[in-house]
Amino acid sequence: MARIVAGVGCSHVPAIGAAIDLGKTKEDYWKGVFEGFERSKQIMAEINPDIVIEVYNDHGTAFSLQYIPTFSLGVAAEFQPADEGWGPRKVPVVKGDPEFAWHLVESLILNEFDMTIINEMEVDHGLTVPLSLMFGQKDAWPCPVIPLCVNVVTYPPPTGKRCYALGKAIRKAVESYPKDLRVAVFGTGGMSHQIHGERCGLINKAFDKSFLDRLTSDPEGLAKMPHMEYVREAGAEGIEMVMWLIMRGALGDNVEEVYRFYHVPASNTAVGNIILKSKS
Ligand SMILES: [Fe+2]
């Protein structure tokens, strides 16, 4: 039986990917960010998952405004890094696992989560930056990755409660897969940031800390937070954090927080990382 062993919450700031790719990680502005992720990489190497389900949002790369699925899942054998305007990131091709992905899709849809099925898709920084931060720069990613996309770009995004319930359905789907796989679930995006308008540059450290605390200890309560509270407290793009609730729902009730890292700023955003182990 497959089982979920760990969950990761991780920002997916595009400038972090550029800093890695351009060799700037030791520069004064960036070193505080990357030093914090050294321990993350060690922990992930110890956890050594067989497969990752990565929850992220597409940023107008794979989906234009013509098609905006609320929840979608990639079932392809591989996903090429996307060209987001500066050429594709020079990171490995993301290998999927069609058999496992189709099992997830079947289980989720038959359990009332109507996922959009994606047979072909390029993946942007939302997916590749957390992989770089958790696994380092590799010739190949250490395991297959199943992309699970969430619309947090166009109103209305799904509620935190719905995201948390999707996580629970993912857990059920994973545990009904007959192969022995140790699965990690990533929730990406955030933390507090707004990249436009009068409040551009907004950071709210107190909110971010509270979000991380509650993600570990009070996910049921956190899942009830309305969209307006994310937007008011964490900025318009802070709504990305609802995706972390999918990861948290997948981990079950009993978790151990094994690592947390938080840093401001990185390209006008607050960067956060949390690693949880499932104890049940
Ligand atoms: Fe994003």
# chains A, B, ... in the order shown; residues from 1 in each chain; ligands from 1
call {"tool": "closest_atom_pairs", "arguments": {"of": "chain A", "to": "ligand 1", "cutoff": "12 Å", "atoms": "only C-alpha atoms and all ligand atoms", "output": "JSON lines"}}
result
{"residue": "A:Cys10", "atom": "CA", "partner": "ligand 1", "partner_atom_place_in_ligand_line": "1 (Fe)", "distance": 10.8}
{"residue": "A:Ser11", "atom": "CA", "partner": "ligand 1", "partner_atom_place_in_ligand_line": "1 (Fe)", "distance": 7.9}
{"residue": "A:His12", "atom": "CA", "partner": "ligand 1", "partner_atom_place_in_ligand_line": "1 (Fe)", "distance": 6.0}
{"residue": "A:Val13", "atom": "CA", "partner": "ligand 1", "partner_atom_place_in_ligand_line": "1 (Fe)", "distance": 6.4}
{"residue": "A:Pro14", "atom": "CA", "partner": "ligand 1", "partner_atom_place_in_ligand_line": "1 (Fe)", "distance": 7.7}
{"residue": "A:Ala15", "atom": "CA", "partner": "ligand 1", "partner_atom_place_in_ligand_line": "1 (Fe)", "distance": 10.9}
{"residue": "A:Ile16", "atom": "CA", "partner": "ligand 1", "partner_atom_place_in_ligand_line": "1 (Fe)", "distance": 11.8}
{"residue": "A:Val55", "atom": "CA", "partner": "ligand 1", "partner_atom_place_in_ligand_line": "1 (Fe)", "distance": 11.3}
{"residue": "A:Tyr56", "atom": "CA", "partner": "ligand 1", "partner_atom_place_in_ligand_line": "1 (Fe)", "distance": 7.8}
{"residue": "A:Asn57", "atom": "CA", "partner": "ligand 1", "partner_atom_place_in_ligand_line": "1 (Fe)", "distance": 6.3}
{"residue": "A:Asp58", "atom": "CA", "partner": "ligand 1", "partner_atom_place_in_ligand_line": "1 (Fe)", "distance": 7.5}
{"residue": "A:His59", "atom": "CA", "partner": "ligand 1", "partner_atom_place_in_ligand_line": "1 (Fe)", "distance": 6.5}
{"residue": "A:Gly60", "atom": "CA", "partner": "ligand 1", "partner_atom_place_in_ligand_line": "1 (Fe)", "distance": 10.3}
{"residue": "A:Thr61", "atom": "CA", "partner": "ligand 1", "partner_atom_place_in_ligand_line": "1 (Fe)", "distance": 11.5}
{"residue": "A:Asp124", "atom": "CA", "partner": "ligand 1", "partner_atom_place_in_ligand_line": "1 (Fe)", "distance": 9.6}
{"residue": "A:His125", "atom": "CA", "partner": "ligand 1", "partner_atom_place_in_ligand_line": "1 (Fe)", "distance": 7.9}
{"residue": "A:Gly126", "atom": "CA", "partner": "ligand 1", "partner_atom_place_in_ligand_line": "1 (Fe)", "distance": 5.6}
{"residue": "A:Leu127", "atom": "CA", "partner": "ligand 1", "partner_atom_place_in_ligand_line": "1 (Fe)", "distance": 9.3}
{"residue": "A:Thr128", "atom": "CA", "partner": "ligand 1", "partner_atom_place_in_ligand_line": "1 (Fe)", "distance": 11.4}
{"residue": "A:Val129", "atom": "CA", "partner": "ligand 1", "partner_atom_place_in_ligand_line": "1 (Fe)", "distance": 10.2}
{"residue": "A:Pro130", "atom": "CA", "partner": "ligand 1", "partner_atom_place_in_ligand_line": "1 (Fe)", "distance": 11.1}
{"residue": "A:Cys149", "atom": "CA", "partner": "ligand 1", "partner_atom_place_in_ligand_line": "1 (Fe)", "distance": 11.3}
{"residue": "A:Val150", "atom": "CA", "partner": "ligand 1", "partner_atom_place_in_ligand_line": "1 (Fe)", "distance": 10.7}
{"residue": "A:Asn151", "atom": "CA", "partner": "ligand 1", "partner_atom_place_in_ligand_line": "1 (Fe)", "distance": 10.5}
{"residue": "A:Val152", "atom": "CA", "partner": "ligand 1", "partner_atom_place_in_ligand_line": "1 (Fe)", "distance": 8.4}
{"residue": "A:Val153", "atom": "CA", "partner": "ligand 1", "partner_atom_place_in_ligand_line": "1 (Fe)", "distance": 8.5}
{"residue": "A:Gly187", "atom": "CA", "partner": "ligand 1", "partner_atom_place_in_ligand_line": "1 (Fe)", "distance": 11.4}
{"residue": "A:Thr188", "atom": "CA", "partner": "ligand 1", "partner_atom_place_in_ligand_line": "1 (Fe)", "distance": 8.0}
{"residue": "A:Gly189", "atom": "CA", "partner": "ligand 1", "partner_atom_place_in_ligand_line": "1 (Fe)", "distance": 5.2}
{"residue": "A:Gly190", "atom": "CA", "partner": "ligand 1", "partner_atom_place_in_ligand_line": "1 (Fe)", "distance": 6.9}
{"residue": "A:Met191", "atom": "CA", "partner": "ligand 1", "partner_atom_place_in_ligand_line": "1 (Fe)", "distance": 9.5}
{"residue": "A:Ser192", "atom": "CA", "partner": "ligand 1", "partner_atom_place_in_ligand_line": "1 (Fe)", "distance": 11.1}
{"residue": "A:His193", "atom": "CA", "partner": "ligand 1", "partner_atom_place_in_ligand_line": "1 (Fe)", "distance": 9.8}
{"residue": "A:Gln194", "atom": "CA", "partner": "ligand 1", "partner_atom_place_in_ligand_line": "1 (Fe)", "distance": 10.6}
{"residue": "A:Ile195", "atom": "CA", "partner": "ligand 1", "partner_atom_place_in_ligand_line": "1 (Fe)", "distance": 10.4}
{"residue": "A:Ala236", "atom": "CA", "partner": "ligand 1", "partner_atom_place_in_ligand_line": "1 (Fe)", "distance": 11.0}
{"residue": "A:Glu237", "atom": "CA", "partner": "ligand 1", "partner_atom_place_in_ligand_line": "1 (Fe)", "distance": 7.3}
{"residue": "A:Gly238", "atom": "CA", "partner": "ligand 1", "partner_atom_place_in_ligand_line": "1 (Fe)", "distance": 9.0}
{"residue": "A:Ile239", "atom": "CA", "partner": "ligand 1", "partner_atom_place_in_ligand_line": "1 (Fe)", "distance": 9.5}
{"residue": "A:Glu240", "atom": "CA", "partner": "ligand 1", "partner_atom_place_in_ligand_line": "1 (Fe)", "distance": 6.6}
{"residue": "A:Met241", "atom": "CA", "partner": "ligand 1", "partner_atom_place_in_ligand_line": "1 (Fe)", "distance": 9.6}
{"residue": "A:Val242", "atom": "CA", "partner": "ligand 1", "partner_atom_place_in_ligand_line": "1 (Fe)", "distance": 11.8}
{"residue": "A:Met243", "atom": "CA", "partner": "ligand 1", "partner_atom_place_in_ligand_line": "1 (Fe)", "distance": 10.6}
{"residue": "A:Thr269", "atom": "CA", "partner": "ligand 1", "partner_atom_place_in_ligand_line": "1 (Fe)", "distance": 10.5}
{"residue": "A:Val271", "atom": "CA", "partner": "ligand 1", "partner_atom_place_in_ligand_line": "1 (Fe)", "distance": 11.6}
call {"tool": "select_by_dssp", "arguments": {"residues": "range 74-148 of chain A", "states": "alpha helix (DSSP H)", "output": "count of residues only"}}
result
24
call {"tool": "closest_residue", "arguments": {"among": "A:Thr154, A:Pro92, A:Pro226, A:Asp139", "to": "Tyr67 in chain A", "atoms": "only C-alpha atoms"}}
result
A:Thr154
call {"tool": "closest_residue", "arguments": {"among": "A:Ala101, A:Val91, A:Cys200, A:Leu215", "to": "Val174 in chain A", "atoms": "only C-alpha atoms"}}
result
A:Ala101
call {"tool": "select_by_dssp", "arguments": {"residues": "range 79-240 of chain A", "states": "strand (DSSP E)", "output": "PyMOL selection string"}}
result
chain A and resi 79+94-95+116-118+145-150+182-188
call {"tool": "residues_around", "arguments": {"residues": "Tyr177 in chain A", "least_positions_apart": "2", "cutoff": "7 Å", "atoms": "only C-alpha atoms", "output": "list in words"}}
result
Met1, Ala2, Ala173, Val174, Glu175 and Lys179 of chain A
call {"tool": "residues_around", "arguments": {"residues": "Phe100 in chain A", "least_positions_apart": "2", "cutoff": "12 Å", "atoms": "only C-alpha atoms", "output": "number ranges by chain"}}
result
A: 2, 50-53, 73-77, 96-98, 102-107, 144-147, 170, 173-181, 183
call {"tool": "residues_around", "arguments": {"residues": "Ser210 in chain A", "least_positions_apart": "6", "cutoff": "12 Å", "atoms": "only C-alpha atoms", "output": "JSON, numbers by chain"}}
result
{"A": [191, 192, 204, 216, 217, 218, 219, 221, 222, 230, 233, 234]}
call {"tool": "closest_residue", "arguments": {"among": "A:Pro88, A:Gly17, A:Gly197, A:Gly249", "to": "Ser267 in chain A", "atoms": "only C-alpha atoms"}}
result
A:Gly17
call {"tool": "closest_residue", "arguments": {"among": "A:Ala18, A:Met228, A:Ile246, A:Phe207", "to": "Gly87 in chain A", "atoms": "only C-alpha atoms"}}
result
A:Ala18
call {"tool": "closest_residue", "arguments": {"among": "A:Ala6, A:Ala169, A:Leu245, A:Ala223", "to": "Leu110 in chain A", "atoms": "only C-alpha atoms"}}
result
A:Ala169
call {"tool": "decode", "arguments": {"residues": "range 228-242 of chain A", "atoms": "all heavy atoms", "output": "PDB file, in the first residue's frame"}}
result
ATOM      1  N   MET A 228     -11.233  36.668   1.942  1.00  0.00           N
ATOM      2  CA  MET A 228     -10.954  38.088   2.209  1.00  0.00           C
ATOM      3  C   MET A 228      -9.913  38.265   3.299  1.00  0.00           C
ATOM      4  O   MET A 228      -9.184  39.256   3.310  1.00  0.00           O
ATOM      5  CB  MET A 228     -12.252  38.826   2.570  1.00  0.00           C
ATOM      6  CG  MET A 228     -13.099  39.214   1.375  1.00  0.00           C
ATOM      7  SD  MET A 228     -12.180  40.086   0.084  1.00  0.00           S
ATOM      8  CE  MET A 228     -11.852  41.626   0.915  1.00  0.00           C
ATOM      9  N   GLU A 229      -9.855  37.307   4.219  1.00  0.00           N
ATOM     10  CA  GLU A 229      -8.849  37.419   5.279  1.00  0.00           C
ATOM     11  C   GLU A 229      -7.436  37.197   4.711  1.00  0.00           C
ATOM     12  O   GLU A 229      -6.487  37.883   5.097  1.00  0.00           O
ATOM     13  CB  GLU A 229      -9.161  36.431   6.410  1.00  0.00           C
ATOM     14  CG  GLU A 229      -8.369  36.729   7.667  1.00  0.00           C
ATOM     15  CD  GLU A 229      -8.876  35.957   8.878  1.00  0.00           C
ATOM     16  OE1 GLU A 229     -10.075  35.561   8.896  1.00  0.00           O
ATOM     17  OE2 GLU A 229      -8.058  35.733   9.788  1.00  0.00           O
ATOM     18  N   TYR A 230      -7.297  36.235   3.802  1.00  0.00           N
ATOM     19  CA  TYR A 230      -5.992  36.052   3.130  1.00  0.00           C
ATOM     20  C   TYR A 230      -5.600  37.340   2.414  1.00  0.00           C
ATOM     21  O   TYR A 230      -4.478  37.824   2.521  1.00  0.00           O
ATOM     22  CB  TYR A 230      -6.074  34.944   2.074  1.00  0.00           C
ATOM     23  CG  TYR A 230      -6.114  33.517   2.582  1.00  0.00           C
ATOM     24  CD1 TYR A 230      -7.321  32.885   2.853  1.00  0.00           C
ATOM     25  CD2 TYR A 230      -4.940  32.796   2.773  1.00  0.00           C
ATOM     26  CE1 TYR A 230      -7.362  31.574   3.295  1.00  0.00           C
ATOM     27  CE2 TYR A 230      -4.968  31.485   3.214  1.00  0.00           C
ATOM     28  CZ  TYR A 230      -6.179  30.877   3.472  1.00  0.00           C
ATOM     29  OH  TYR A 230      -6.220  29.578   3.909  1.00  0.00           O
ATOM     30  N   VAL A 231      -6.530  37.874   1.647  1.00  0.00           N
ATOM     31  CA  VAL A 231      -6.220  39.030   0.801  1.00  0.00           C
ATOM     32  C   VAL A 231      -5.915  40.260   1.663  1.00  0.00           C
ATOM     33  O   VAL A 231      -4.953  40.997   1.417  1.00  0.00           O
ATOM     34  CB  VAL A 231      -7.381  39.309  -0.175  1.00  0.00           C
ATOM     35  CG1 VAL A 231      -7.152  40.603  -0.947  1.00  0.00           C
ATOM     36  CG2 VAL A 231      -7.539  38.138  -1.143  1.00  0.00           C
ATOM     37  N   ARG A 232      -6.738  40.468   2.700  1.00  0.00           N
ATOM     38  CA  ARG A 232      -6.530  41.634   3.577  1.00  0.00           C
ATOM     39  C   ARG A 232      -5.212  41.516   4.340  1.00  0.00           C
ATOM     40  O   ARG A 232      -4.442  42.462   4.422  1.00  0.00           O
ATOM     41  CB  ARG A 232      -7.704  41.735   4.565  1.00  0.00           C
ATOM     42  CG  ARG A 232      -7.678  43.015   5.405  1.00  0.00           C
ATOM     43  CD  ARG A 232      -8.842  43.061   6.390  1.00  0.00           C
ATOM     44  NE  ARG A 232      -8.753  42.001   7.375  1.00  0.00           N
ATOM     45  CZ  ARG A 232      -9.692  41.072   7.586  1.00  0.00           C
ATOM     46  NH1 ARG A 232     -10.811  41.094   6.893  1.00  0.00           N
ATOM     47  NH2 ARG A 232      -9.521  40.129   8.489  1.00  0.00           N
ATOM     48  N   GLU A 233      -4.947  40.353   4.898  1.00  0.00           N
ATOM     49  CA  GLU A 233      -3.798  40.190   5.788  1.00  0.00           C
ATOM     50  C   GLU A 233      -2.509  39.817   5.048  1.00  0.00           C
ATOM     51  O   GLU A 233      -1.424  40.166   5.490  1.00  0.00           O
ATOM     52  CB  GLU A 233      -4.094  39.094   6.832  1.00  0.00           C
ATOM     53  CG  GLU A 233      -5.277  39.402   7.723  1.00  0.00           C
ATOM     54  CD  GLU A 233      -5.046  40.632   8.598  1.00  0.00           C
ATOM     55  OE1 GLU A 233      -3.892  40.909   8.956  1.00  0.00           O
ATOM     56  OE2 GLU A 233      -6.037  41.324   8.911  1.00  0.00           O
ATOM     57  N   ALA A 234      -2.639  39.050   3.975  1.00  0.00           N
ATOM     58  CA  ALA A 234      -1.432  38.513   3.323  1.00  0.00           C
ATOM     59  C   ALA A 234      -1.240  39.038   1.905  1.00  0.00           C
ATOM     60  O   ALA A 234      -0.341  38.597   1.202  1.00  0.00           O
ATOM     61  CB  ALA A 234      -1.494  36.983   3.309  1.00  0.00           C
ATOM     62  N   GLY A 235      -2.084  39.977   1.470  1.00  0.00           N
ATOM     63  CA  GLY A 235      -1.954  40.528   0.131  1.00  0.00           C
ATOM     64  C   GLY A 235      -2.705  39.697  -0.889  1.00  0.00           C
ATOM     65  O   GLY A 235      -3.046  38.535  -0.638  1.00  0.00           O
ATOM     66  N   ALA A 236      -2.942  40.288  -2.049  1.00  0.00           N
ATOM     67  CA  ALA A 236      -3.759  39.622  -3.068  1.00  0.00           C
ATOM     68  C   ALA A 236      -3.166  38.274  -3.468  1.00  0.00           C
ATOM     69  O   ALA A 236      -3.876  37.288  -3.648  1.00  0.00           O
ATOM     70  CB  ALA A 236      -3.895  40.519  -4.299  1.00  0.00           C
ATOM     71  N   GLU A 237      -1.832  38.215  -3.590  1.00  0.00           N
ATOM     72  CA  GLU A 237      -1.213  36.949  -4.001  1.00  0.00           C
ATOM     73  C   GLU A 237      -1.022  35.998  -2.818  1.00  0.00           C
ATOM     74  O   GLU A 237      -0.678  34.833  -3.002  1.00  0.00           O
ATOM     75  CB  GLU A 237       0.122  37.212  -4.696  1.00  0.00           C
ATOM     76  CG  GLU A 237      -0.017  37.659  -6.146  1.00  0.00           C
ATOM     77  CD  GLU A 237      -0.559  39.081  -6.315  1.00  0.00           C
ATOM     78  OE1 GLU A 237      -0.233  39.955  -5.488  1.00  0.00           O
ATOM     79  OE2 GLU A 237      -1.354  39.324  -7.251  1.00  0.00           O
ATOM     80  N   GLY A 238      -1.280  36.487  -1.623  1.00  0.00           N
ATOM     81  CA  GLY A 238      -1.229  35.616  -0.431  1.00  0.00           C
ATOM     82  C   GLY A 238      -2.281  34.512  -0.488  1.00  0.00           C
ATOM     83  O   GLY A 238      -2.168  33.503   0.214  1.00  0.00           O
ATOM     84  N   ILE A 239      -3.266  34.688  -1.348  1.00  0.00           N
ATOM     85  CA  ILE A 239      -4.302  33.660  -1.499  1.00  0.00           C
ATOM     86  C   ILE A 239      -3.696  32.331  -1.948  1.00  0.00           C
ATOM     87  O   ILE A 239      -4.299  31.265  -1.747  1.00  0.00           O
ATOM     88  CB  ILE A 239      -5.393  34.141  -2.492  1.00  0.00           C
ATOM     89  CG1 ILE A 239      -6.645  33.259  -2.450  1.00  0.00           C
ATOM     90  CG2 ILE A 239      -4.874  34.193  -3.902  1.00  0.00           C
ATOM     91  CD1 ILE A 239      -7.394  33.300  -1.162  1.00  0.00           C
ATOM     92  N   GLU A 240      -2.493  32.379  -2.514  1.00  0.00           N
ATOM     93  CA  GLU A 240      -1.829  31.121  -2.905  1.00  0.00           C
ATOM     94  C   GLU A 240      -1.730  30.139  -1.739  1.00  0.00           C
ATOM     95  O   GLU A 240      -1.650  28.932  -1.931  1.00  0.00           O
ATOM     96  CB  GLU A 240      -0.417  31.398  -3.437  1.00  0.00           C
ATOM     97  CG  GLU A 240      -0.393  32.059  -4.809  1.00  0.00           C
ATOM     98  CD  GLU A 240       1.025  32.244  -5.331  1.00  0.00           C
ATOM     99  OE1 GLU A 240       1.993  32.235  -4.529  1.00  0.00           O
ATOM    100  OE2 GLU A 240       1.180  32.420  -6.537  1.00  0.00           O
ATOM    101  N   MET A 241      -1.728  30.672  -0.528  1.00  0.00           N
ATOM    102  CA  MET A 241      -1.532  29.796   0.636  1.00  0.00           C
ATOM    103  C   MET A 241      -2.669  28.795   0.856  1.00  0.00           C
ATOM    104  O   MET A 241      -2.496  27.827   1.590  1.00  0.00           O
ATOM    105  CB  MET A 241      -1.310  30.637   1.888  1.00  0.00           C
ATOM    106  CG  MET A 241       0.112  31.158   1.976  1.00  0.00           C
ATOM    107  SD  MET A 241       0.452  31.973   3.550  1.00  0.00           S
ATOM    108  CE  MET A 241      -0.102  33.606   3.205  1.00  0.00           C
ATOM    109  N   VAL A 242      -3.824  29.016   0.231  1.00  0.00           N
ATOM    110  CA  VAL A 242      -4.873  27.983   0.373  1.00  0.00           C
ATOM    111  C   VAL A 242      -4.364  26.632  -0.133  1.00  0.00           C
ATOM    112  O   VAL A 242      -4.840  25.588   0.307  1.00  0.00           O
ATOM    113  CB  VAL A 242      -6.208  28.321  -0.340  1.00  0.00           C
ATOM    114  CG1 VAL A 242      -6.927  29.461   0.311  1.00  0.00           C
ATOM    115  CG2 VAL A 242      -6.030  28.533  -1.828  1.00  0.00           C
TER     116      VAL A 242
END
